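Novice: Structure provided below as structure tokens; questions to follow.
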Amino acid sequence: MTLTLGVDVGGTKILAALVDESGTIHQQVHRDTSSAATKNMVQAVEEIMSLPEAKGVKAAGIAAAAYISYPEGRVEFAPNVHFDDPDLRLAILRSFDLAVVVENDASAAAWGERLFGAGRGIDEMIMVAVGTGIGGGIVIGGELIRGARGFAGEFGHMTLLEGGPDCACGERGCLESLASGRAIEAMAKQKAVEGSAQALLEAAGGDVDNISGELVTVLASQGDEVSKGILGEAGRWLGIGLCSLINSFDPELVVVGGGVAEAGDLLLDPARSVVESRIAGRRSVPEIVPATLGNEAGAVGAAALAMSSYERRQAG
Ligand SMILES: [Zn+2]
């Protein structure tokens, strides 16, 4: 058994894990991302690499919520996380003798799902990760597609509504501004302020500021019609985005992951029906399924990418 280090630096949490070649996690360390993501990432790596099981680890894959230049492993733009040092690859190399690969978190998660999760054995697939923001990953011909600079798959910043809501990237009307966890929270707060989300406001202790995307999901799953309506609205925008992706990539499978996807069919059914109504007349519609690896997908996928990169280098 070979263990590889996989790290996921997300908007709020860092997961560092020792992962074997079947995608199973053997040890893991959690940290808050806080305002110094790079420093906290290095500390999480130091902690897990000090474990006896880490002896013999040769490669590390880092998945980060950012535009990551490939192969430099540098953060070029990160609307949702503050990196105190953008050179993630160098930050690891300074302290460890490891082969390091840095990937966008959603691309790494897509690869994790392709190898060990919902997309196992599928060579043509796209993944959309709907969390605080929205990321994505593209698998074509059984390979992860990175683009010229490493930025491919940033589906969250496709413009769907010219002049629409503000997006974290600085533009307006991106898919992320319409269907992400943050967008769901904004819709819910707006309704509460207007006085049309009584159950949500009560569940938030009467304070609009306590309303979150998670709360909307909880209430929707308990049957609250307003919350279901908000998730439905996000799901329809997601469906509109998926139509463009399906028309662009002709995938066999669409995997939807990220925290918001835990809402399941409350989000996915409205997306499926938009896709069905917009494209079914012209072509067969690929299945749209939830991711299965949860918040481990990024770390597991990054570890697998790092291991295969290390093996290629040893062989060549
Ligand atoms: Zn955007």
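Naming works like this for the structure tokens: A, B, ... for the chains as they're shown, residue 1 at the start of each chain, ligands 1 onward in shown order.
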At a cut-off of 6 Å, using only C-alpha atoms, what residues contact segment 54-63 of chain A? Leave out same-chain residues fewer than 5 positions from it and give the result as a PDB file with N, CA, C and O atoms, in the first residue's frame.

Specialist:
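The resulting file, result_23.pdb, is reproduced below:
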```
ATOM      1  N   LEU A   3       0.853   5.367   0.482  1.00  0.00           N
ATOM      2  CA  LEU A   3       0.062   6.502   0.966  1.00  0.00           C
ATOM      3  C   LEU A   3       0.579   7.791   0.345  1.00  0.00           C
ATOM      4  O   LEU A   3       1.787   7.999   0.203  1.00  0.00           O
ATOM      5  N   THR A   4      -0.365   8.643  -0.045  1.00  0.00           N
ATOM      6  CA  THR A   4      -0.044   9.950  -0.619  1.00  0.00           C
ATOM      7  C   THR A   4      -0.761  11.003   0.208  1.00  0.00           C
ATOM      8  O   THR A   4      -1.855  10.764   0.704  1.00  0.00           O
ATOM      9  N   LEU A   5      -0.116  12.172   0.321  1.00  0.00           N
ATOM     10  CA  LEU A   5      -0.750  13.267   1.052  1.00  0.00           C
ATOM     11  C   LEU A   5      -1.732  13.992   0.135  1.00  0.00           C
ATOM     12  O   LEU A   5      -1.373  14.370  -0.988  1.00  0.00           O
ATOM     13  N   GLY A   6      -2.954  14.170   0.603  1.00  0.00           N
ATOM     14  CA  GLY A   6      -3.945  14.974  -0.116  1.00  0.00           C
ATOM     15  C   GLY A   6      -4.446  16.066   0.807  1.00  0.00           C
ATOM     16  O   GLY A   6      -4.782  15.800   1.964  1.00  0.00           O
ATOM     17  N   VAL A   7      -4.459  17.297   0.315  1.00  0.00           N
ATOM     18  CA  VAL A   7      -4.883  18.427   1.151  1.00  0.00           C
ATOM     19  C   VAL A   7      -5.947  19.212   0.407  1.00  0.00           C
ATOM     20  O   VAL A   7      -5.813  19.455  -0.795  1.00  0.00           O
ATOM     21  N   ASP A   8      -7.006  19.594   1.095  1.00  0.00           N
ATOM     22  CA  ASP A   8      -8.032  20.446   0.494  1.00  0.00           C
ATOM     23  C   ASP A   8      -8.120  21.739   1.300  1.00  0.00           C
ATOM     24  O   ASP A   8      -8.426  21.707   2.492  1.00  0.00           O
ATOM     25  N   MET A  49       2.254  15.009   8.576  1.00  0.00           N
ATOM     26  CA  MET A  49       3.520  14.386   8.148  1.00  0.00           C
ATOM     27  C   MET A  49       4.365  13.945   9.340  1.00  0.00           C
ATOM     28  O   MET A  49       5.340  13.217   9.169  1.00  0.00           O
ATOM     29  N   LEU A  98       8.965  16.526  -1.084  1.00  0.00           N
ATOM     30  CA  LEU A  98       7.831  15.822  -1.682  1.00  0.00           C
ATOM     31  C   LEU A  98       7.643  16.303  -3.122  1.00  0.00           C
ATOM     32  O   LEU A  98       8.001  17.442  -3.444  1.00  0.00           O
ATOM     33  N   ALA A  99       7.100  15.443  -3.972  1.00  0.00           N
ATOM     34  CA  ALA A  99       6.662  15.889  -5.295  1.00  0.00           C
ATOM     35  C   ALA A  99       5.283  16.526  -5.104  1.00  0.00           C
ATOM     36  O   ALA A  99       4.371  15.870  -4.606  1.00  0.00           O
ATOM     37  N   VAL A 100       5.146  17.805  -5.447  1.00  0.00           N
ATOM     38  CA  VAL A 100       3.920  18.540  -5.116  1.00  0.00           C
ATOM     39  C   VAL A 100       3.160  18.953  -6.378  1.00  0.00           C
ATOM     40  O   VAL A 100       3.746  19.518  -7.303  1.00  0.00           O
ATOM     41  N   VAL A 101       1.863  18.659  -6.394  1.00  0.00           N
ATOM     42  CA  VAL A 101       0.969  19.114  -7.457  1.00  0.00           C
ATOM     43  C   VAL A 101      -0.128  19.952  -6.798  1.00  0.00           C
ATOM     44  O   VAL A 101      -0.685  19.545  -5.782  1.00  0.00           O
ATOM     45  N   VAL A 102      -0.412  21.129  -7.349  1.00  0.00           N
ATOM     46  CA  VAL A 102      -1.496  21.960  -6.823  1.00  0.00           C
ATOM     47  C   VAL A 102      -2.571  22.094  -7.897  1.00  0.00           C
ATOM     48  O   VAL A 102      -2.259  22.361  -9.060  1.00  0.00           O
ATOM     49  N   GLU A 103      -3.820  21.878  -7.497  1.00  0.00           N
ATOM     50  CA  GLU A 103      -4.954  21.935  -8.432  1.00  0.00           C
ATOM     51  C   GLU A 103      -6.058  22.811  -7.855  1.00  0.00           C
ATOM     52  O   GLU A 103      -6.183  22.939  -6.642  1.00  0.00           O
ATOM     53  N   ASN A 104      -6.880  23.321  -8.741  1.00  0.00           N
ATOM     54  CA  ASN A 104      -8.132  23.926  -8.297  1.00  0.00           C
ATOM     55  C   ASN A 104      -8.959  22.870  -7.548  1.00  0.00           C
ATOM     56  O   ASN A 104      -8.981  21.703  -7.931  1.00  0.00           O
ATOM     57  N   ASP A 105      -9.639  23.272  -6.488  1.00  0.00           N
ATOM     58  CA  ASP A 105     -10.330  22.285  -5.640  1.00  0.00           C
ATOM     59  C   ASP A 105     -11.435  21.519  -6.376  1.00  0.00           C
ATOM     60  O   ASP A 105     -11.581  20.311  -6.190  1.00  0.00           O
ATOM     61  N   GLY A 298     -11.987  16.500  -2.804  1.00  0.00           N
ATOM     62  CA  GLY A 298     -10.849  17.325  -3.233  1.00  0.00           C
ATOM     63  C   GLY A 298      -9.524  16.737  -2.782  1.00  0.00           C
ATOM     64  O   GLY A 298      -8.572  16.615  -3.573  1.00  0.00           O
ATOM     65  N   ALA A 302      -6.837  15.132  -5.322  1.00  0.00           N
ATOM     66  CA  ALA A 302      -5.512  15.764  -5.390  1.00  0.00           C
ATOM     67  C   ALA A 302      -4.418  14.744  -5.100  1.00  0.00           C
ATOM     68  O   ALA A 302      -3.364  14.727  -5.757  1.00  0.00           O
ATOM     69  N   ALA A 303      -4.662  13.878  -4.131  1.00  0.00           N
ATOM     70  CA  ALA A 303      -3.677  12.834  -3.811  1.00  0.00           C
ATOM     71  C   ALA A 303      -3.462  11.919  -5.014  1.00  0.00           C
ATOM     72  O   ALA A 303      -2.324  11.578  -5.362  1.00  0.00           O
ATOM     73  N   ALA A 306      -1.431  13.671  -7.647  1.00  0.00           N
ATOM     74  CA  ALA A 306      -0.018  13.784  -7.234  1.00  0.00           C
ATOM     75  C   ALA A 306       0.685  12.444  -7.391  1.00  0.00           C
ATOM     76  O   ALA A 306       1.831  12.379  -7.860  1.00  0.00           O
ATOM     77  N   MET A 307      -0.005  11.368  -7.023  1.00  0.00           N
ATOM     78  CA  MET A 307       0.615  10.045  -7.130  1.00  0.00           C
ATOM     79  C   MET A 307       0.901   9.695  -8.581  1.00  0.00           C
ATOM     80  O   MET A 307       1.999   9.231  -8.913  1.00  0.00           O
TER      81      MET A 307
END
```

Novice: Per DSSP on the backbone, what are the strand (DSSP E or B) residues of segment 123-219 of chain A, as a list in words?

Specialist: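 Of segment 123-219 of chain A, only Met125, Ile126, Met127, Val128, Ala129, Val130, Ile134, Gly135, Gly136, Gly137, Ile138, Val139, Ile140, Glu143, Leu144, Thr159, Asp166, Arg172 and Cys174 of chain A fall in strand (DSSP E or B).
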
Novice: Write to file, as a CSV table (one decimal), in the first residue's frame, the residues of the selection just made, with all heavy atoms.

Specialist:
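Output file again.csv is given in full below:
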```
chain,number,residue,atom,x,y,z
A,125,MET,N,-17.1,13.3,-18.5
A,125,MET,CA,-18.0,13.8,-17.4
A,125,MET,C,-17.6,15.2,-17.0
A,125,MET,O,-16.5,15.7,-17.2
A,125,MET,CB,-17.9,12.9,-16.2
A,125,MET,CG,-17.0,13.3,-15.1
A,125,MET,SD,-17.0,12.3,-13.6
A,125,MET,CE,-16.5,13.7,-12.5
A,126,ILE,N,-18.6,15.9,-16.5
A,126,ILE,CA,-18.3,17.2,-15.9
A,126,ILE,C,-18.8,17.2,-14.5
A,126,ILE,O,-19.8,16.5,-14.2
A,126,ILE,CB,-18.9,18.4,-16.7
A,126,ILE,CG1,-20.4,18.3,-16.8
A,126,ILE,CG2,-18.2,18.6,-18.0
A,126,ILE,CD1,-21.0,19.5,-17.3
A,127,MET,N,-18.2,18.0,-13.7
A,127,MET,CA,-18.6,18.1,-12.3
A,127,MET,C,-18.8,19.6,-12.0
A,127,MET,O,-18.0,20.4,-12.4
A,127,MET,CB,-17.6,17.6,-11.3
A,127,MET,CG,-18.0,17.8,-9.9
A,127,MET,SD,-17.1,16.7,-8.7
A,127,MET,CE,-17.7,17.5,-7.2
A,128,VAL,N,-19.9,19.9,-11.3
A,128,VAL,CA,-20.2,21.3,-10.8
A,128,VAL,C,-20.2,21.2,-9.3
A,128,VAL,O,-21.0,20.4,-8.8
A,128,VAL,CB,-21.5,21.9,-11.4
A,128,VAL,CG1,-21.7,23.3,-10.9
A,128,VAL,CG2,-21.5,21.8,-12.9
A,129,ALA,N,-19.4,21.9,-8.6
A,129,ALA,CA,-19.3,21.9,-7.2
A,129,ALA,C,-20.0,23.2,-6.7
A,129,ALA,O,-19.5,24.3,-6.9
A,129,ALA,CB,-17.8,21.9,-6.7
A,130,VAL,N,-21.2,23.0,-6.1
A,130,VAL,CA,-22.0,24.1,-5.6
A,130,VAL,C,-21.8,24.2,-4.1
A,130,VAL,O,-22.3,23.5,-3.3
A,130,VAL,CB,-23.5,23.9,-5.9
A,130,VAL,CG1,-24.2,25.2,-5.6
A,130,VAL,CG2,-23.6,23.6,-7.4
A,134,ILE,N,-19.1,28.6,-6.7
A,134,ILE,CA,-19.3,27.4,-7.6
A,134,ILE,C,-18.1,27.2,-8.4
A,134,ILE,O,-17.6,28.1,-9.0
A,134,ILE,CB,-20.5,27.7,-8.6
A,134,ILE,CG1,-21.9,27.7,-7.7
A,134,ILE,CG2,-20.6,26.6,-9.7
A,134,ILE,CD1,-23.1,27.9,-8.6
A,135,GLY,N,-17.6,26.0,-8.4
A,135,GLY,CA,-16.4,25.6,-9.2
A,135,GLY,C,-16.8,24.4,-10.1
A,135,GLY,O,-18.0,24.0,-10.1
A,136,GLY,N,-15.9,24.0,-10.9
A,136,GLY,CA,-16.2,22.9,-11.8
A,136,GLY,C,-14.9,22.1,-12.2
A,136,GLY,O,-13.8,22.6,-12.0
A,137,GLY,N,-15.2,21.0,-12.8
A,137,GLY,CA,-14.1,20.2,-13.3
A,137,GLY,C,-14.5,19.5,-14.6
A,137,GLY,O,-15.7,19.2,-14.7
A,138,ILE,N,-13.6,19.2,-15.5
A,138,ILE,CA,-13.9,18.6,-16.8
A,138,ILE,C,-13.0,17.4,-17.0
A,138,ILE,O,-11.8,17.5,-16.9
A,138,ILE,CB,-13.6,19.6,-17.9
A,138,ILE,CG1,-14.2,21.0,-17.7
A,138,ILE,CG2,-13.9,19.1,-19.3
A,138,ILE,CD1,-13.6,22.1,-18.5
A,139,VAL,N,-13.7,16.3,-17.3
A,139,VAL,CA,-13.0,15.1,-17.7
A,139,VAL,C,-13.4,14.7,-19.1
A,139,VAL,O,-14.5,14.5,-19.4
A,139,VAL,CB,-13.3,13.9,-16.7
A,139,VAL,CG1,-12.6,12.6,-17.2
A,139,VAL,CG2,-12.8,14.2,-15.3
A,140,ILE,N,-12.4,14.7,-20.0
A,140,ILE,CA,-12.6,14.3,-21.4
A,140,ILE,C,-11.6,13.2,-21.8
A,140,ILE,O,-10.4,13.3,-21.5
A,140,ILE,CB,-12.4,15.5,-22.3
A,140,ILE,CG1,-13.5,16.6,-22.0
A,140,ILE,CG2,-12.5,15.1,-23.8
A,140,ILE,CD1,-13.4,17.9,-22.9
A,143,GLU,N,-9.3,12.0,-19.1
A,143,GLU,CA,-8.2,12.9,-18.6
A,143,GLU,C,-8.8,14.1,-18.0
A,143,GLU,O,-9.8,14.7,-18.5
A,143,GLU,CB,-7.3,13.3,-19.7
A,143,GLU,CG,-6.6,12.2,-20.4
A,143,GLU,CD,-5.4,11.7,-19.7
A,143,GLU,OE1,-4.9,12.5,-18.8
A,143,GLU,OE2,-4.9,10.6,-20.0
A,144,LEU,N,-8.2,14.6,-16.9
A,144,LEU,CA,-8.6,15.9,-16.3
A,144,LEU,C,-8.1,17.1,-17.3
A,144,LEU,O,-7.0,17.1,-17.6
A,144,LEU,CB,-8.0,16.1,-15.0
A,144,LEU,CG,-8.4,17.4,-14.2
A,144,LEU,CD1,-9.9,17.3,-13.8
A,144,LEU,CD2,-7.6,17.5,-12.9
A,159,THR,N,-21.4,34.0,-17.4
A,159,THR,CA,-22.5,35.0,-17.2
A,159,THR,C,-23.8,34.4,-17.7
A,159,THR,O,-23.9,34.0,-18.8
A,159,THR,CB,-22.2,36.3,-18.0
A,159,THR,OG1,-20.9,36.8,-17.6
A,159,THR,CG2,-23.2,37.3,-17.8
A,166,ASP,N,-24.5,40.8,-7.9
A,166,ASP,CA,-23.1,41.0,-7.8
A,166,ASP,C,-22.5,39.6,-7.5
A,166,ASP,O,-23.0,38.8,-6.7
A,166,ASP,CB,-22.7,41.9,-6.6
A,166,ASP,CG,-23.0,43.3,-7.0
A,166,ASP,OD1,-23.0,43.7,-8.2
A,166,ASP,OD2,-23.2,44.1,-6.0
A,172,ARG,N,-21.1,40.6,-12.6
A,172,ARG,CA,-22.5,40.5,-12.2
A,172,ARG,C,-23.2,39.4,-13.0
A,172,ARG,O,-22.8,39.2,-14.2
A,172,ARG,CB,-23.2,41.8,-12.4
A,172,ARG,CG,-22.6,42.9,-11.6
A,172,ARG,CD,-23.5,44.2,-11.8
A,172,ARG,NE,-24.7,44.1,-11.2
A,172,ARG,CZ,-25.6,45.1,-11.0
A,172,ARG,NH1,-25.3,46.2,-11.6
A,172,ARG,NH2,-26.8,44.9,-10.4
A,174,CYS,N,-23.1,36.1,-12.8
A,174,CYS,CA,-22.5,34.8,-13.0
A,174,CYS,C,-23.4,33.7,-12.4
A,174,CYS,O,-24.2,34.0,-11.5
A,174,CYS,CB,-21.1,34.8,-12.3
A,174,CYS,SG,-19.9,36.0,-12.8
```

Novice: Just want the residues within 7 Å of ligand 1, written as a PyMOL selection string, counting only C-alpha atoms and all ligand atoms.

Specialist: chain A and resi 156-157+167-172+174+176-177

Novice: Please save N, CA, C and O atoms of the selected residues as an mmCIF file, in the first residue's frame.

Specialist:
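To be explicit, this is the file written out as selection23.cif:
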```cif
data_model
loop_
_atom_site.group_PDB
_atom_site.id
_atom_site.type_symbol
_atom_site.label_atom_id
_atom_site.label_comp_id
_atom_site.auth_asym_id
_atom_site.auth_seq_id
_atom_site.Cartn_x
_atom_site.Cartn_y
_atom_site.Cartn_z
ATOM 1 N N GLY A 156 -18.528 28.575 -12.475
ATOM 2 C CA GLY A 156 -19.247 29.526 -11.624
ATOM 3 C C GLY A 156 -19.272 30.930 -12.199
ATOM 4 O O GLY A 156 -20.144 31.716 -11.849
ATOM 5 N N HIS A 157 -18.329 31.229 -13.088
ATOM 6 C CA HIS A 157 -18.252 32.601 -13.590
ATOM 7 C C HIS A 157 -18.700 32.733 -15.039
ATOM 8 O O HIS A 157 -18.359 33.697 -15.726
ATOM 9 N N CYS A 167 -21.312 39.299 -8.123
ATOM 10 C CA CYS A 167 -20.593 38.045 -7.885
ATOM 11 C C CYS A 167 -19.299 38.355 -7.131
ATOM 12 O O CYS A 167 -18.750 39.458 -7.242
ATOM 13 N N ALA A 168 -18.802 37.367 -6.391
ATOM 14 C CA ALA A 168 -17.553 37.549 -5.638
ATOM 15 C C ALA A 168 -16.374 37.879 -6.547
ATOM 16 O O ALA A 168 -15.378 38.452 -6.114
ATOM 17 N N CYS A 169 -16.479 37.529 -7.831
ATOM 18 C CA CYS A 169 -15.368 37.770 -8.764
ATOM 19 C C CYS A 169 -15.303 39.219 -9.215
ATOM 20 O O CYS A 169 -14.349 39.624 -9.875
ATOM 21 N N GLY A 170 -16.333 40.017 -8.896
ATOM 22 C CA GLY A 170 -16.353 41.416 -9.314
ATOM 23 C C GLY A 170 -17.297 41.671 -10.481
ATOM 24 O O GLY A 170 -17.606 42.814 -10.794
ATOM 25 N N GLU A 171 -17.752 40.613 -11.141
ATOM 26 C CA GLU A 171 -18.711 40.771 -12.240
ATOM 27 C C GLU A 171 -20.132 40.636 -11.698
ATOM 28 O O GLU A 171 -20.334 40.516 -10.493
ATOM 29 N N ARG A 172 -21.093 40.621 -12.593
ATOM 30 C CA ARG A 172 -22.486 40.471 -12.186
ATOM 31 C C ARG A 172 -23.155 39.370 -13.002
ATOM 32 O O ARG A 172 -22.827 39.168 -14.164
ATOM 33 N N CYS A 174 -23.127 36.137 -12.771
ATOM 34 C CA CYS A 174 -22.491 34.831 -12.987
ATOM 35 C C CYS A 174 -23.371 33.728 -12.387
ATOM 36 O O CYS A 174 -24.151 33.978 -11.463
ATOM 37 N N GLU A 176 -22.489 31.646 -10.295
ATOM 38 C CA GLU A 176 -22.219 31.654 -8.846
ATOM 39 C C GLU A 176 -23.085 32.660 -8.095
ATOM 40 O O GLU A 176 -23.465 32.425 -6.945
ATOM 41 N N SER A 177 -23.395 33.780 -8.744
ATOM 42 C CA SER A 177 -24.196 34.811 -8.068
ATOM 43 C C SER A 177 -25.673 34.433 -8.028
ATOM 44 O O SER A 177 -26.470 35.111 -7.393
#
```

Novice: Measure the distance from atom CA of Pro270 of chain A to atom CA of Gln190 of chain A in Å and round it to one decimal.

Specialist: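 Separation of atom CA of Pro270 of chain A and atom CA of Gln190 of chain A: 21.1 Å.
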
Novice: Of the candidates A:Asp84, A:Glu47, A:Glu276, A:Glu21, which shows the shortest atom-to-atom distance to Gly112 of chain A, using only C-alpha atoms?

Specialist: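 With only C-alpha atoms as the atom set, the closest residue is A:Glu21.
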
Novice: Please return as number ranges by chain: the residues of segment 5-248 of chain A that backbone DSSP assigns to helix (DSSP H, G or I).

Specialist: A: 37-49, 52-54, 88-93, 105-116, 155-157, 175-179, 181-193, 198-203, 208-210, 213-221, 225-248

Novice: Go through A:Ala152, A:Ala64, A:Leu215, A:Leu267 one by one, measure the shortest atom-to-atom distance of each to Gly229 of chain A using only C-alpha atoms, and give the residue with the smallest value.

Specialist: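 So, comparing all the options, the nearest one is A:Leu267.
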
Novice: Taking only C-alpha atoms into account, which of A:Thr292, A:Leu219, A:Gly259, A:Pro52 comes nearest Leu18 of chain A?

Specialist: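 Among the listed residues, A:Pro52 lies closest to Leu18 of chain A.
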
Novice: Tell me which of A:Gly205, A:Thr38, A:Leu293, A:Glu76 sits closest to Trp111 of chain A, counting only C-alpha atoms.

Specialist: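 Between A:Gly205, A:Thr38, A:Leu293, A:Glu76, the residue approaching Trp111 of chain A most closely is A:Leu293.
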
Novice: Would you kindly return, as a count of residues only, each protein, DNA or RNA residue with an atom no farther than 8 Å from any atom of Phe83 of chain A, considering only C-alpha atoms and excluding same-chain residues fewer than 5 positions away?

Specialist: 6

Novice: Show me, as a ChimeraX atom specification, the residues that have an atom within 6 Å of segment 279-287 of chain A when counting only C-alpha atoms, minus same-chain residues fewer than 3 positions from it.

Specialist: /A:252-253,275-276

Novice: With only C-alpha atoms as the counted atoms, please give the residues lying no more than 9 Å from Ile25 of chain A, apart from itself and same-chain residues fewer than 5 positions off, as a ChimeraX atom specification.

Specialist: /A:3,17-20,296,300

Novice: Residues as selected, all heavy atoms, written as a PDB file, in the first residue's frame, can you do that?

Specialist:
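The result, written out as result.pdb:
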```pdb
ATOM      1  N   LEU A   3       0.853   5.367   0.482  1.00  0.00           N
ATOM      2  CA  LEU A   3       0.062   6.502   0.966  1.00  0.00           C
ATOM      3  C   LEU A   3       0.579   7.791   0.345  1.00  0.00           C
ATOM      4  O   LEU A   3       1.787   7.999   0.203  1.00  0.00           O
ATOM      5  CB  LEU A   3       0.130   6.599   2.489  1.00  0.00           C
ATOM      6  CG  LEU A   3      -0.575   5.482   3.265  1.00  0.00           C
ATOM      7  CD1 LEU A   3      -0.395   5.690   4.765  1.00  0.00           C
ATOM      8  CD2 LEU A   3      -2.056   5.419   2.916  1.00  0.00           C
ATOM      9  N   ALA A  17      -4.973  14.771   4.481  1.00  0.00           N
ATOM     10  CA  ALA A  17      -5.275  13.347   4.653  1.00  0.00           C
ATOM     11  C   ALA A  17      -4.191  12.489   4.020  1.00  0.00           C
ATOM     12  O   ALA A  17      -3.564  12.878   3.035  1.00  0.00           O
ATOM     13  CB  ALA A  17      -6.623  13.029   4.002  1.00  0.00           C
ATOM     14  N   LEU A  18      -3.972  11.312   4.598  1.00  0.00           N
ATOM     15  CA  LEU A  18      -3.127  10.298   3.972  1.00  0.00           C
ATOM     16  C   LEU A  18      -4.053   9.325   3.253  1.00  0.00           C
ATOM     17  O   LEU A  18      -4.923   8.714   3.877  1.00  0.00           O
ATOM     18  CB  LEU A  18      -2.281   9.574   5.020  1.00  0.00           C
ATOM     19  CG  LEU A  18      -1.292  10.468   5.789  1.00  0.00           C
ATOM     20  CD1 LEU A  18      -0.529   9.651   6.825  1.00  0.00           C
ATOM     21  CD2 LEU A  18      -0.321  11.167   4.834  1.00  0.00           C
ATOM     22  N   VAL A  19      -3.867   9.228   1.932  1.00  0.00           N
ATOM     23  CA  VAL A  19      -4.818   8.527   1.076  1.00  0.00           C
ATOM     24  C   VAL A  19      -4.098   7.375   0.370  1.00  0.00           C
ATOM     25  O   VAL A  19      -2.992   7.562  -0.142  1.00  0.00           O
ATOM     26  CB  VAL A  19      -5.381   9.496   0.008  1.00  0.00           C
ATOM     27  CG1 VAL A  19      -6.483   8.819  -0.807  1.00  0.00           C
ATOM     28  CG2 VAL A  19      -5.895  10.777   0.650  1.00  0.00           C
ATOM     29  N   ASP A  20      -4.735   6.201   0.327  1.00  0.00           N
ATOM     30  CA  ASP A  20      -4.095   5.088  -0.394  1.00  0.00           C
ATOM     31  C   ASP A  20      -4.564   5.048  -1.850  1.00  0.00           C
ATOM     32  O   ASP A  20      -5.367   5.879  -2.281  1.00  0.00           O
ATOM     33  CB  ASP A  20      -4.304   3.747   0.330  1.00  0.00           C
ATOM     34  CG  ASP A  20      -5.739   3.243   0.248  1.00  0.00           C
ATOM     35  OD1 ASP A  20      -6.501   3.696  -0.629  1.00  0.00           O
ATOM     36  OD2 ASP A  20      -6.097   2.383   1.079  1.00  0.00           O
ATOM     37  N   GLU A 296     -14.576  14.985   1.119  1.00  0.00           N
ATOM     38  CA  GLU A 296     -13.258  14.359   0.966  1.00  0.00           C
ATOM     39  C   GLU A 296     -12.801  14.334  -0.493  1.00  0.00           C
ATOM     40  O   GLU A 296     -11.640  14.001  -0.770  1.00  0.00           O
ATOM     41  CB  GLU A 296     -13.301  12.919   1.497  1.00  0.00           C
ATOM     42  CG  GLU A 296     -13.551  12.856   2.996  1.00  0.00           C
ATOM     43  CD  GLU A 296     -13.733  11.430   3.501  1.00  0.00           C
ATOM     44  OE1 GLU A 296     -13.800  10.503   2.666  1.00  0.00           O
ATOM     45  OE2 GLU A 296     -13.795  11.262   4.733  1.00  0.00           O
ATOM     46  N   VAL A 300      -8.877  13.630  -1.824  1.00  0.00           N
ATOM     47  CA  VAL A 300      -8.658  12.311  -2.435  1.00  0.00           C
ATOM     48  C   VAL A 300      -8.235  12.463  -3.903  1.00  0.00           C
ATOM     49  O   VAL A 300      -7.296  11.806  -4.367  1.00  0.00           O
ATOM     50  CB  VAL A 300      -9.947  11.454  -2.301  1.00  0.00           C
ATOM     51  CG1 VAL A 300      -9.886  10.223  -3.183  1.00  0.00           C
ATOM     52  CG2 VAL A 300     -10.164  11.062  -0.845  1.00  0.00           C
TER      53      VAL A 300
END
```

Novice: One decimal, in Å: what's the spacing between atom CA of Glu72 of chain A and atom CA of Ala297 of chain A?

Specialist: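 For atom CA of Glu72 of chain A relative to atom CA of Ala297 of chain A, the distance reads 22.3 Å.
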
Novice: Rank A:Gly141, A:Glu154, A:Leu178, A:Pro71 by their smallest atom-to-atom distance to Arg236 of chain A, using only C-alpha atoms, and report the top residue only.

Specialist: A:Leu178

Novice: Report the distance between atom CA of Ala44 of chain A and atom CA of Pro79 of chain A in Å, rounded to one decimal place.

Specialist: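 It comes out at 22.3 Å.
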